[in-house]
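So this block is data_25.tsv, TSV, C-alpha atoms:
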```
chain	number	residue	atom	x	y	z
M	1423	MET	CA	24.57	32.76	-211.49
M	1424	VAL	CA	24.86	34.48	-208.09
M	1425	LYS	CA	27.26	37.41	-208.06
M	1426	MET	CA	29.37	38.02	-204.96
M	1427	SER	CA	30.49	41.44	-203.83
M	1428	PRO	CA	34.25	42.18	-204.01
M	1429	ARG	CA	34.30	42.65	-200.24
M	1430	LYS	CA	32.75	39.23	-199.59
M	1431	LEU	CA	35.13	37.61	-202.08
M	1432	THR	CA	38.08	39.21	-200.32
M	1433	ARG	CA	36.80	38.05	-196.94
M	1434	ASP	CA	36.19	34.50	-198.15
M	1435	PHE	CA	39.60	34.25	-199.83
M	1436	THR	CA	41.26	35.56	-196.67
M	1437	ILE	CA	39.51	32.95	-194.53
M	1438	LEU	CA	40.51	30.29	-197.06
M	1439	ALA	CA	44.10	31.49	-196.80
M	1440	VAL	CA	43.97	30.96	-193.04
M	1441	VAL	CA	42.72	27.40	-193.53
M	1442	LEU	CA	45.40	26.65	-196.12
M	1443	PHE	CA	48.09	28.21	-193.95
M	1444	CYS	CA	46.98	26.09	-191.00
M	1445	GLN	CA	47.17	22.98	-193.21
M	1446	SER	CA	50.64	23.77	-194.53
M	1447	VAL	CA	52.41	24.69	-191.30
M	1448	HIS	CA	55.83	23.37	-190.46
M	1449	SER	CA	55.72	19.57	-190.50
M	1450	ARG	CA	57.31	19.33	-187.06
M	1451	LEU	CA	53.91	20.22	-185.57
M	1452	GLN	CA	50.65	18.56	-186.59
M	1453	ILE	CA	46.97	19.39	-186.39
M	1454	GLY	CA	45.38	16.55	-184.43
M	1455	PHE	CA	48.70	15.55	-182.86
M	1456	TYR	CA	46.95	14.08	-179.79
M	1457	ARG	CA	44.17	12.34	-181.72
M	1458	ASP	CA	45.36	8.86	-180.73
M	1459	THR	CA	47.09	9.61	-177.42
M	1460	CYS	CA	44.82	12.13	-175.66
M	1461	SER	CA	41.76	12.88	-177.78
M	1462	SER	CA	40.05	14.98	-175.10
M	1463	VAL	CA	42.90	17.49	-174.74
M	1464	GLU	CA	41.34	20.40	-176.65
M	1465	PHE	CA	37.96	19.90	-175.01
M	1466	ILE	CA	39.51	19.94	-171.53
M	1467	VAL	CA	41.59	23.07	-172.20
M	1468	LYS	CA	38.62	24.86	-173.77
M	1469	GLU	CA	36.45	23.99	-170.78
M	1470	GLU	CA	39.00	25.38	-168.32
M	1471	VAL	CA	39.31	28.59	-170.36
M	1472	ARG	CA	35.54	28.93	-170.46
M	1473	LYS	CA	35.19	28.41	-166.69
M	1474	ALA	CA	37.88	31.00	-165.97
M	1475	PHE	CA	36.39	33.46	-168.46
M	1476	ILE	CA	32.98	33.25	-166.78
M	1477	LYS	CA	34.62	34.22	-163.47
M	1478	GLU	CA	36.90	36.93	-164.93
M	1479	LYS	CA	36.66	38.04	-168.55
M	1480	GLY	CA	40.14	39.56	-168.45
M	1481	VAL	CA	41.77	36.14	-168.20
M	1482	ALA	CA	41.31	35.68	-171.96
M	1483	ALA	CA	43.65	38.59	-172.69
M	1484	GLY	CA	46.12	37.17	-170.20
M	1485	LEU	CA	46.19	33.78	-171.88
M	1486	MET	CA	46.60	35.26	-175.36
M	1487	ARG	CA	49.45	37.46	-174.11
M	1488	MET	CA	50.99	34.47	-172.33
M	1489	HIS	CA	51.36	32.62	-175.65
M	1490	PHE	CA	53.01	35.69	-177.21
M	1491	HIS	CA	55.40	36.14	-174.30
M	1492	ASP	CA	56.20	32.43	-174.28
M	1493	CYS	CA	56.94	32.19	-178.01
M	1494	PHE	CA	59.03	35.36	-178.32
M	1495	VAL	CA	61.44	34.21	-175.59
M	1496	ARG	CA	63.18	30.86	-176.31
M	1497	GLY	CA	60.36	29.86	-178.65
M	1498	CYS	CA	57.01	28.26	-177.75
M	1499	ASP	CA	58.37	25.96	-175.06
M	1500	GLY	CA	56.33	26.79	-171.96
M	1501	SER	CA	59.31	28.57	-170.39
M	1502	VAL	CA	57.05	31.45	-169.29
M	1503	LEU	CA	55.29	29.04	-166.92
M	1504	LEU	CA	58.36	27.98	-164.91
M	1505	ASP	CA	58.75	29.33	-161.38
M	1506	SER	CA	61.92	31.07	-160.26
M	1507	THR	CA	64.42	29.08	-158.21
M	1508	PRO	CA	66.76	30.26	-155.45
M	1509	SER	CA	69.55	30.49	-158.01
M	1510	SER	CA	67.65	31.87	-161.02
M	1511	THR	CA	64.92	34.43	-161.73
M	1512	ALA	CA	62.46	33.05	-164.29
M	1513	GLU	CA	60.68	34.87	-167.13
M	1514	LYS	CA	57.43	35.09	-165.18
M	1515	ASP	CA	59.13	37.25	-162.54
M	1516	SER	CA	60.66	39.71	-165.01
M	1517	PHE	CA	59.43	43.31	-165.22
M	1518	ALA	CA	57.56	42.45	-168.43
M	1519	ASN	CA	55.47	39.69	-166.81
M	1520	ASN	CA	55.16	40.47	-163.11
M	1521	PRO	CA	52.61	41.56	-161.99
M	1522	SER	CA	50.89	42.00	-165.35
M	1523	LEU	CA	50.78	38.48	-166.82
M	1524	ARG	CA	47.88	36.34	-165.63
M	1525	GLY	CA	46.14	33.06	-166.37
M	1526	TYR	CA	48.68	30.66	-164.89
M	1527	GLU	CA	46.02	28.94	-162.80
M	1528	VAL	CA	44.04	28.11	-165.97
M	1529	ILE	CA	47.06	26.28	-167.37
M	1530	ASP	CA	47.61	24.54	-164.02
M	1531	ASN	CA	43.99	23.37	-163.86
M	1532	ALA	CA	44.03	22.07	-167.43
M	1533	LYS	CA	47.34	20.29	-166.85
M	1534	ALA	CA	46.06	18.61	-163.68
M	1535	ARG	CA	43.00	17.28	-165.50
M	1536	LEU	CA	45.09	16.11	-168.45
M	1537	GLU	CA	47.59	14.32	-166.21
M	1538	ALA	CA	44.67	12.45	-164.65
M	1539	VAL	CA	43.49	11.08	-168.02
M	1540	CYS	CA	46.64	11.19	-170.20
M	1541	LYS	CA	49.60	11.09	-167.85
M	1542	GLY	CA	52.84	12.41	-169.33
M	1543	VAL	CA	51.41	13.03	-172.79
M	1544	VAL	CA	50.41	16.69	-173.27
M	1545	SER	CA	53.03	19.42	-173.02
M	1546	CYS	CA	52.50	22.65	-171.14
M	1547	ALA	CA	53.60	24.54	-174.26
M	1548	ASP	CA	50.73	23.01	-176.24
M	1549	ILE	CA	48.25	23.81	-173.47
M	1550	VAL	CA	49.29	27.48	-173.70
M	1551	ALA	CA	48.82	27.43	-177.48
M	1552	PHE	CA	45.36	25.83	-177.20
M	1553	ALA	CA	44.31	28.23	-174.43
M	1554	ALA	CA	45.37	31.26	-176.48
M	1555	ARG	CA	43.25	30.08	-179.42
M	1556	ASP	CA	40.28	29.42	-177.14
M	1557	SER	CA	40.66	32.87	-175.59
M	1558	ILE	CA	40.57	34.54	-178.99
M	1559	GLU	CA	37.52	32.53	-179.98
M	1560	ILE	CA	35.59	33.10	-176.74
M	1561	THR	CA	36.09	36.87	-177.08
M	1562	GLY	CA	34.72	36.99	-180.63
M	1563	GLY	CA	37.83	36.35	-182.69
M	1564	LEU	CA	38.19	33.79	-185.44
M	1565	GLY	CA	38.89	30.24	-184.29
M	1566	TYR	CA	41.64	28.21	-185.94
M	1567	ASP	CA	43.22	24.77	-185.82
M	1568	VAL	CA	46.29	24.61	-183.58
M	1569	PRO	CA	49.15	22.42	-184.83
M	1570	ALA	CA	50.58	20.63	-181.79
M	1571	GLY	CA	53.51	18.49	-180.76
M	1572	ARG	CA	55.56	21.10	-178.89
M	1573	ARG	CA	57.69	19.94	-176.01
M	1574	ASP	CA	58.58	21.82	-172.86
M	1575	GLY	CA	61.87	23.60	-172.31
M	1576	ARG	CA	63.95	23.26	-169.16
M	1577	THR	CA	65.24	26.83	-168.92
M	1578	SER	CA	63.58	30.15	-168.08
M	1579	LEU	CA	65.63	33.32	-167.56
M	1580	ALA	CA	64.23	36.78	-166.83
M	1581	SER	CA	67.41	38.22	-168.35
M	1582	GLU	CA	66.35	36.98	-171.78
M	1583	ILE	CA	63.27	39.23	-171.86
M	1584	ILE	CA	65.27	42.26	-173.01
M	1585	GLY	CA	65.82	42.09	-176.75
M	1586	ASN	CA	63.03	39.55	-177.26
M	1587	LEU	CA	59.84	41.24	-176.02
M	1588	PRO	CA	58.98	44.71	-177.35
M	1589	PRO	CA	58.44	47.29	-174.59
M	1590	PRO	CA	55.48	49.72	-174.83
M	1591	THR	CA	57.91	52.57	-175.62
M	1592	PHE	CA	59.12	51.14	-178.96
M	1593	ASN	CA	58.70	53.13	-182.16
M	1594	VAL	CA	57.62	51.65	-185.47
M	1595	ASN	CA	61.17	50.99	-186.71
M	1596	GLN	CA	62.12	49.19	-183.51
M	1597	LEU	CA	58.94	47.11	-183.63
M	1598	THR	CA	59.51	46.22	-187.28
M	1599	GLN	CA	63.07	45.07	-186.56
M	1600	MET	CA	62.18	43.01	-183.48
M	1601	PHE	CA	59.36	41.22	-185.30
M	1602	ALA	CA	61.61	40.71	-188.34
M	1603	ASN	CA	64.11	39.02	-186.02
M	1604	LYS	CA	61.35	36.49	-185.27
M	1605	GLY	CA	60.49	36.00	-188.95
M	1606	PHE	CA	57.49	38.30	-189.21
M	1607	THR	CA	56.77	40.89	-191.88
M	1608	GLN	CA	55.92	44.46	-190.99
M	1609	GLU	CA	52.29	43.79	-191.89
M	1610	GLU	CA	52.21	40.78	-189.56
M	1611	MET	CA	53.61	43.03	-186.81
M	1612	VAL	CA	50.71	45.44	-187.32
M	1613	THR	CA	48.29	42.50	-187.39
M	1614	LEU	CA	49.60	41.01	-184.14
M	1615	SER	CA	49.61	44.43	-182.45
M	1616	GLY	CA	45.83	44.12	-182.66
M	1617	GLY	CA	46.06	41.70	-179.75
M	1618	HIS	CA	45.86	44.88	-177.66
M	1619	THR	CA	42.17	44.96	-178.53
M	1620	ILE	CA	41.51	43.05	-175.29
M	1621	GLY	CA	42.97	43.28	-171.83
M	1622	ARG	CA	44.31	45.93	-169.54
M	1623	SER	CA	47.51	47.80	-168.79
M	1624	HIS	CA	49.17	49.02	-165.63
M	1625	CYS	CA	49.53	52.79	-165.53
M	1626	SER	CA	53.32	52.51	-165.34
M	1627	SER	CA	53.41	51.24	-168.94
M	1628	PHE	CA	52.22	54.54	-170.40
M	1629	SER	CA	52.31	57.21	-167.66
M	1630	ASN	CA	55.31	58.84	-169.37
M	1631	ARG	CA	52.94	59.80	-172.19
M	1632	LEU	CA	50.74	61.66	-169.71
M	1633	TYR	CA	53.24	63.53	-167.58
M	1634	ASN	CA	56.77	63.45	-168.95
M	1635	PHE	CA	56.86	62.62	-172.64
M	1636	SER	CA	60.45	62.33	-173.87
M	1637	GLY	CA	61.62	64.13	-170.74
M	1638	THR	CA	59.68	67.29	-171.60
M	1639	ALA	CA	57.36	67.34	-168.56
M	1640	ILE	CA	54.35	67.58	-170.90
M	1641	GLN	CA	51.97	65.01	-172.34
M	1642	ASP	CA	52.50	63.26	-175.65
M	1643	PRO	CA	51.15	65.63	-178.32
M	1644	SER	CA	49.99	62.66	-180.41
M	1645	LEU	CA	47.56	61.62	-177.65
M	1646	ASP	CA	43.93	62.75	-177.96
M	1647	PRO	CA	43.51	65.43	-175.22
M	1648	ARG	CA	40.15	64.11	-174.02
M	1649	TYR	CA	41.50	60.58	-173.80
M	1650	ALA	CA	44.59	61.87	-171.98
M	1651	ALA	CA	42.39	63.70	-169.45
M	1652	MET	CA	40.46	60.48	-168.77
M	1653	LEU	CA	43.69	58.51	-168.33
M	1654	LYS	CA	45.05	61.12	-165.91
M	1655	GLN	CA	41.96	60.62	-163.73
M	1656	GLN	CA	42.59	56.88	-163.66
M	1657	CYS	CA	46.37	57.18	-163.28
M	1658	PRO	CA	47.15	60.17	-161.00
M	1659	GLN	CA	50.63	61.64	-161.28
M	1660	GLY	CA	53.00	60.38	-158.63
M	1661	SER	CA	50.74	57.50	-157.57
M	1662	THR	CA	52.60	54.62	-155.93
M	1663	ASP	CA	49.69	52.20	-156.35
M	1664	THR	CA	51.10	49.45	-158.56
M	1665	ASN	CA	47.66	47.89	-158.97
M	1666	LEU	CA	46.14	50.73	-161.00
M	1667	VAL	CA	45.04	49.44	-164.42
M	1668	VAL	CA	43.05	50.73	-167.39
M	1669	PRO	CA	41.47	48.86	-170.33
M	1670	MET	CA	43.58	48.69	-173.49
M	1671	ASN	CA	40.56	49.26	-175.73
M	1672	PRO	CA	37.94	51.12	-173.60
M	1673	SER	CA	35.01	50.70	-176.00
M	1674	SER	CA	35.24	46.88	-176.07
M	1675	PRO	CA	37.88	45.62	-173.61
M	1676	SER	CA	36.64	42.01	-173.67
M	1677	ILE	CA	35.95	41.64	-177.40
M	1678	THR	CA	38.53	40.65	-180.02
M	1679	ASP	CA	37.63	43.20	-182.68
M	1680	ALA	CA	39.21	45.87	-184.87
M	1681	GLY	CA	38.33	48.64	-182.42
M	1682	TYR	CA	42.02	48.84	-181.54
M	1683	TYR	CA	42.78	50.23	-185.00
M	1684	ALA	CA	39.89	52.69	-184.88
M	1685	ASP	CA	41.28	53.96	-181.58
M	1686	ILE	CA	44.72	54.50	-183.13
M	1687	LEU	CA	43.15	56.48	-185.99
M	1688	ALA	CA	41.46	58.64	-183.33
M	1689	ASN	CA	44.83	59.15	-181.54
M	1690	ARG	CA	43.65	56.96	-178.69
M	1691	GLY	CA	46.34	54.29	-178.86
M	1692	LEU	CA	47.35	53.59	-175.26
M	1693	PHE	CA	51.04	52.80	-175.73
M	1694	THR	CA	53.69	54.63	-177.70
M	1695	SER	CA	54.09	51.31	-179.53
M	1696	ASP	CA	50.42	51.50	-180.56
M	1697	GLN	CA	50.23	55.12	-181.71
M	1698	THR	CA	53.57	54.86	-183.52
M	1699	LEU	CA	51.89	52.74	-186.19
M	1700	LEU	CA	50.57	56.00	-187.72
M	1701	THR	CA	54.05	57.47	-188.14
M	1702	ASN	CA	54.98	55.22	-191.08
M	1703	PRO	CA	52.98	55.38	-194.37
M	1704	ALA	CA	52.87	51.60	-194.84
M	1705	THR	CA	51.82	50.75	-191.28
M	1706	ALA	CA	49.37	53.67	-191.19
M	1707	ASN	CA	47.72	52.27	-194.31
M	1708	GLN	CA	47.49	48.83	-192.69
M	1709	VAL	CA	45.90	50.37	-189.59
M	1710	THR	CA	43.28	52.03	-191.81
M	1711	GLN	CA	42.62	48.82	-193.75
M	1712	ASN	CA	42.23	46.78	-190.56
M	1713	ALA	CA	39.82	49.34	-189.11
M	1714	ARG	CA	37.72	49.23	-192.30
M	1715	ASN	CA	37.79	45.44	-192.74
M	1716	PRO	CA	37.39	43.84	-189.31
M	1717	MET	CA	36.62	40.36	-190.65
M	1718	GLN	CA	39.72	40.41	-192.81
M	1719	TRP	CA	41.80	41.46	-189.80
M	1720	ARG	CA	40.35	38.59	-187.74
M	1721	ALA	CA	41.49	36.15	-190.41
M	1722	LYS	CA	44.96	37.70	-190.69
M	1723	PHE	CA	45.27	37.65	-186.91
M	1724	ALA	CA	44.39	33.95	-186.77
M	1725	ALA	CA	46.99	33.16	-189.43
M	1726	ALA	CA	49.63	35.22	-187.64
M	1727	MET	CA	48.88	33.42	-184.36
M	1728	VAL	CA	49.36	30.05	-186.06
M	1729	LYS	CA	52.69	31.26	-187.45
M	1730	MET	CA	53.77	32.60	-184.07
M	1731	GLY	CA	53.03	29.21	-182.54
M	1732	GLN	CA	55.80	27.70	-184.71
M	1733	LEU	CA	58.62	29.82	-183.27
M	1734	GLU	CA	61.66	27.76	-182.28
M	1735	VAL	CA	59.58	24.82	-181.09
M	1736	LEU	CA	61.04	21.76	-179.41
M	1737	THR	CA	59.71	18.47	-180.84
M	1738	GLY	CA	60.43	14.75	-180.88
M	1739	THR	CA	62.84	13.91	-178.08
M	1740	GLU	CA	63.86	17.53	-177.44
M	1741	GLY	CA	62.95	19.03	-174.08
M	1742	GLU	CA	60.44	17.13	-171.96
M	1743	ILE	CA	56.76	16.78	-171.09
M	1744	ARG	CA	56.50	18.44	-167.69
M	1745	ALA	CA	54.34	16.77	-165.05
M	1746	ASN	CA	53.84	20.18	-163.40
M	1747	CYS	CA	53.99	23.23	-165.65
M	1748	ARG	CA	55.73	25.31	-162.97
M	1749	VAL	CA	58.80	23.10	-162.48
M	1750	ILE	CA	61.05	20.97	-164.66
M	1751	ASN	CA	60.87	17.24	-164.13
M	1752	GLY	CA	63.14	15.95	-161.37
```
So, in terms of structure tokens, how does the structure I just supplied come out?
Amino acid sequence: MVKMSPRKLTRDFTILAVVLFCQSVHSRLQIGFYRDTCSSVEFIVKEEVRKAFIKEKGVAAGLMRMHFHDCFVRGCDGSVLLDSTPSSTAEKDSFANNPSLRGYEVIDNAKARLEAVCKGVVSCADIVAFAARDSIEITGGLGYDVPAGRRDGRTSLASEIIGNLPPPTFNVNQLTQMFANKGFTQEEMVTLSGGHTIGRSHCSSFSNRLYNFSGTAIQDPSLDPRYAAMLKQQCPQGSTDTNLVVPMNPSSPSITDAGYYADILANRGLFTSDQTLLTNPATANQVTQNARNPMQWRAKFAAAMVKMGQLEVLTGTEGEIRANCRVING
């Protein structure tokens, strides 16, 4: 009889849990939803993600973040894709998404191809969910089945960002409460925070930690001094250049790994909302466990992404299937 190490058993059981979770998701969405109506949908989306990733690796982080920003505001209904109108400012033009959110053209390209082969069948909300999964997988994360059947919403309001998306200045208690409002445990909040393992940030999201922490005109004492010095070189004080960006996870900015948690343990979390995870005993322990067990974190992250994709979805005859992801049907 072959004996398995406790670590391998834990890893295998965690991966099994992801599979079982994916199979037991809310019945309103289904794995293989488009099997009979548009069987090529996941292939087409994956191909568009791959083509975009070859041109610009950072697009993967944008697409993953797009799914998060879509689901946390009005649920996973594609509302983040809608353009503003003369009478209403949409989510994509809010301070939380403009100019930082990217990847819209990938969704547009996938939608155009899908409309050519399966007209009026695949929702923009589902394309976002598929693209997020493909982005995680292409950057080294664990792939997972995406339950589908979401329909597209008809409303997008920038004013609804506040109170639904956590800003980078949140502390651990504020993060825990906001995620709890969406049905997530504190551990799932820590797990999903690991999405910051890929991508970039504009200097304005954390410059207060470098130059005026809590109005004290000094840098955040919880920030590693050497890391702070490097960030100050990249983000000069008083700069008016809104295009200045830095990688979220400098050691592996294009790889979905547990390096994010190792950075936090080294006091190199970029945002206040990252480093704050060490200020609570329970979340600090989860940070340590995720740093030590990267494969287990990958599995937990996949499961949390599947759960996030269920938030307040529209199904059946609710909403619509947009012909163009940027505008509601006429």
- [ ] Quote the spacing between atom CA of M:Asn1712 and atom CA of M:Lys1654 in Å to one decimal place.
- [x]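 So the two atoms, atom CA of M:Asn1712 and atom CA of M:Lys1654, lie 28.7 Å apart.
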Open item on the list: Here is a test: counting all atoms listed in the file, which residue of M:Arg1555, M:Arg1535, M:Arg1622, M:Arg1714 is nearest to M:His1489?
Closed with: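 For M:His1489, the nearest of the candidates is M:Arg1555.
Look at M:Asn1519: the protein and nucleic acid residues within 9 Å of it, using all atoms listed in the file and passing over chain neighbours fewer than 4 places away, are Met1488, His1491, Val1502, Glu1513, Lys1514, Asp1515, Leu1523 and Arg1524 of chain M.
The environment of stretch 1690-1696 of chain M within 6 Å, counting only C-alpha atoms and disregarding residues fewer than 4 places along the same chain, consists of M:Pro1590, M:Thr1591, M:Phe1592, M:Asn1593, M:Phe1628, M:Asp1646, M:Asp1685, M:Ile1686.
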Once you count only C-alpha atoms, what closest atom pair and distance in Å to one decimal does each residue of stretch 1482-1571 of chain M within 10 Å of stretch 1596-1614 of chain M have, with rows by chain and rising residue number, as CSV?
```
residue,atom,partner,partner_atom,distance
M:Phe1490,CA,M:Leu1614,CA,9.4
M:Cys1493,CA,M:Lys1604,CA,9.5
M:Phe1494,CA,M:Lys1604,CA,7.4
M:Val1495,CA,M:Lys1604,CA,9.9
M:Gly1497,CA,M:Lys1604,CA,9.4
```
Which residues are near M:Gly1563? Cut-off 12 Å, only C-alpha atoms, ignore same chain within fewer than 6 positions. Put them as a short mmCIF file (atom, residue, chain, number, x, y, z; two decimals) with C-alpha atoms, in the frame of the given file.
```cif
data_model
loop_
_atom_site.label_atom_id
_atom_site.label_comp_id
_atom_site.auth_asym_id
_atom_site.auth_seq_id
_atom_site.Cartn_x
_atom_site.Cartn_y
_atom_site.Cartn_z
CA ALA M 1482 41.31 35.68 -171.96
CA ALA M 1483 43.65 38.59 -172.69
CA MET M 1486 46.60 35.26 -175.36
CA ALA M 1554 45.37 31.26 -176.48
CA ARG M 1555 43.25 30.08 -179.42
CA ASP M 1556 40.28 29.42 -177.14
CA SER M 1557 40.66 32.87 -175.59
CA GLY M 1616 45.83 44.12 -182.66
CA GLY M 1617 46.06 41.70 -179.75
CA THR M 1619 42.17 44.96 -178.53
CA ILE M 1620 41.51 43.05 -175.29
CA SER M 1676 36.64 42.01 -173.67
CA ILE M 1677 35.95 41.64 -177.40
CA THR M 1678 38.53 40.65 -180.02
CA ASP M 1679 37.63 43.20 -182.68
CA ALA M 1680 39.21 45.87 -184.87
CA PRO M 1716 37.39 43.84 -189.31
CA MET M 1717 36.62 40.36 -190.65
CA GLN M 1718 39.72 40.41 -192.81
CA TRP M 1719 41.80 41.46 -189.80
CA ARG M 1720 40.35 38.59 -187.74
CA ALA M 1721 41.49 36.15 -190.41
CA LYS M 1722 44.96 37.70 -190.69
CA PHE M 1723 45.27 37.65 -186.91
CA ALA M 1724 44.39 33.95 -186.77
CA ALA M 1725 46.99 33.16 -189.43
CA MET M 1727 48.88 33.42 -184.36
#
```
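Of the residues under consideration (M:Met1670, M:Cys1540, M:Leu1564, M:Leu1451), M:Leu1451 shows the shortest atom-to-atom contact distance to M:Val1735 when counting only C-alpha atoms.
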Using all atoms of stretch 1458-1463 of chain M that appear in the file, construct an axis-aligned enclosing box with 4 Å of padding on every side and provide its centre coordinates and edge lengths in Å, rounded to one decimal, as JSON.
```
{"center_x": 43.6, "center_y": 13.2, "center_z": -177.7, "size_x": 15.0, "size_y": 16.6, "size_z": 14.0}
```
TODO: Compare M:Asn1520, M:Asn1595, M:Ser1509, M:Ser1674 by their minimum atom-to-atom distance to M:His1618, counting all atoms listed in the file, and give me the closest one.
DONE: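 Answer, going by the shortest atom-to-atom distance: M:Ser1674.
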- [ ] Find, counting only C-alpha atoms, the residue in M:Val1539, M:Ile1529, M:Ala1474, M:Leu1666 that gets nearest to M:Ser1461.
- [x]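 Once distances to M:Ser1461 are computed over only C-alpha atoms, the minimum belongs to M:Val1539.
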Task: Shell around M:Ala1570 at 12 Å using all atoms listed in the file, local window under 3 positions removed, as number ranges by chain - done: M: 1444, 1447-1457, 1460, 1463-1464, 1498-1499, 1543-1552, 1567, 1573, 1728, 1731-1732, 1735-1738
TODO: Select, counting only C-alpha atoms, all protein, DNA and RNA residues no farther than 12 Å from (68.6, 32.0, -161.7) in file coordinates, and express the selection as JSON, numbers by chain.
DONE: {"M": [1504, 1505, 1506, 1507, 1508, 1509, 1510, 1511, 1512, 1513, 1515, 1516, 1577, 1578, 1579, 1580, 1581, 1582]}
Open item on the list: Which residue is closest to M:Met1730? Choose from M:Asp1642, M:Phe1475, M:Cys1657, M:Val1568 and count only C-alpha atoms.
Closed with: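 Among the listed residues, M:Val1568 lies closest to M:Met1730.
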Task: Atom pair atom CA of M:Pro1643 / atom CA of M:Thr1701: separation (Å) - done: 13.1 Å
TODO: Would you mind telling me which residue in M:Gly1571, M:Pro1647, M:Pro1521, M:Gly1480 lies nearest to M:Ala1688 when using all atoms listed in the file?
DONE: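 Closest to M:Ala1688 of all the choices is M:Pro1647.
The coordinates place atom CA of M:Glu1742 at 5.1 Å from atom CA of M:Asp1574.
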Open item on the list: Neighbouring residues of M:Cys1625 were defined as those with any atom within 12 Å, considering all atoms listed in the file; residues of the same chain fewer than 6 positions away were excluded. Please report them as a ChimeraX atom specification.
Closed with: /M:1522,1590,1631-1633,1653-1670,1692-1693
Output for the residues just chosen: C-alpha atoms as a JSON list (two decimals), keeping the file's coordinate frame:
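Result file part-v4.json:
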```
[["chain", "number", "residue", "atom", "x", "y", "z"],
["M", 1522, "SER", "CA", 50.89, 42.00, -165.35],
["M", 1590, "PRO", "CA", 55.48, 49.72, -174.83],
["M", 1631, "ARG", "CA", 52.94, 59.80, -172.19],
["M", 1632, "LEU", "CA", 50.74, 61.66, -169.71],
["M", 1633, "TYR", "CA", 53.24, 63.53, -167.58],
["M", 1653, "LEU", "CA", 43.69, 58.51, -168.33],
["M", 1654, "LYS", "CA", 45.05, 61.12, -165.91],
["M", 1655, "GLN", "CA", 41.96, 60.62, -163.73],
["M", 1656, "GLN", "CA", 42.59, 56.88, -163.66],
["M", 1657, "CYS", "CA", 46.37, 57.18, -163.28],
["M", 1658, "PRO", "CA", 47.15, 60.17, -161.00],
["M", 1659, "GLN", "CA", 50.63, 61.64, -161.28],
["M", 1660, "GLY", "CA", 53.00, 60.38, -158.63],
["M", 1661, "SER", "CA", 50.74, 57.50, -157.57],
["M", 1662, "THR", "CA", 52.60, 54.62, -155.93],
["M", 1663, "ASP", "CA", 49.69, 52.20, -156.35],
["M", 1664, "THR", "CA", 51.10, 49.45, -158.56],
["M", 1665, "ASN", "CA", 47.66, 47.89, -158.97],
["M", 1666, "LEU", "CA", 46.14, 50.73, -161.00],
["M", 1667, "VAL", "CA", 45.04, 49.44, -164.42],
["M", 1668, "VAL", "CA", 43.05, 50.73, -167.39],
["M", 1669, "PRO", "CA", 41.47, 48.86, -170.33],
["M", 1670, "MET", "CA", 43.58, 48.69, -173.49],
["M", 1692, "LEU", "CA", 47.35, 53.59, -175.26],
["M", 1693, "PHE", "CA", 51.04, 52.80, -175.73]]
```
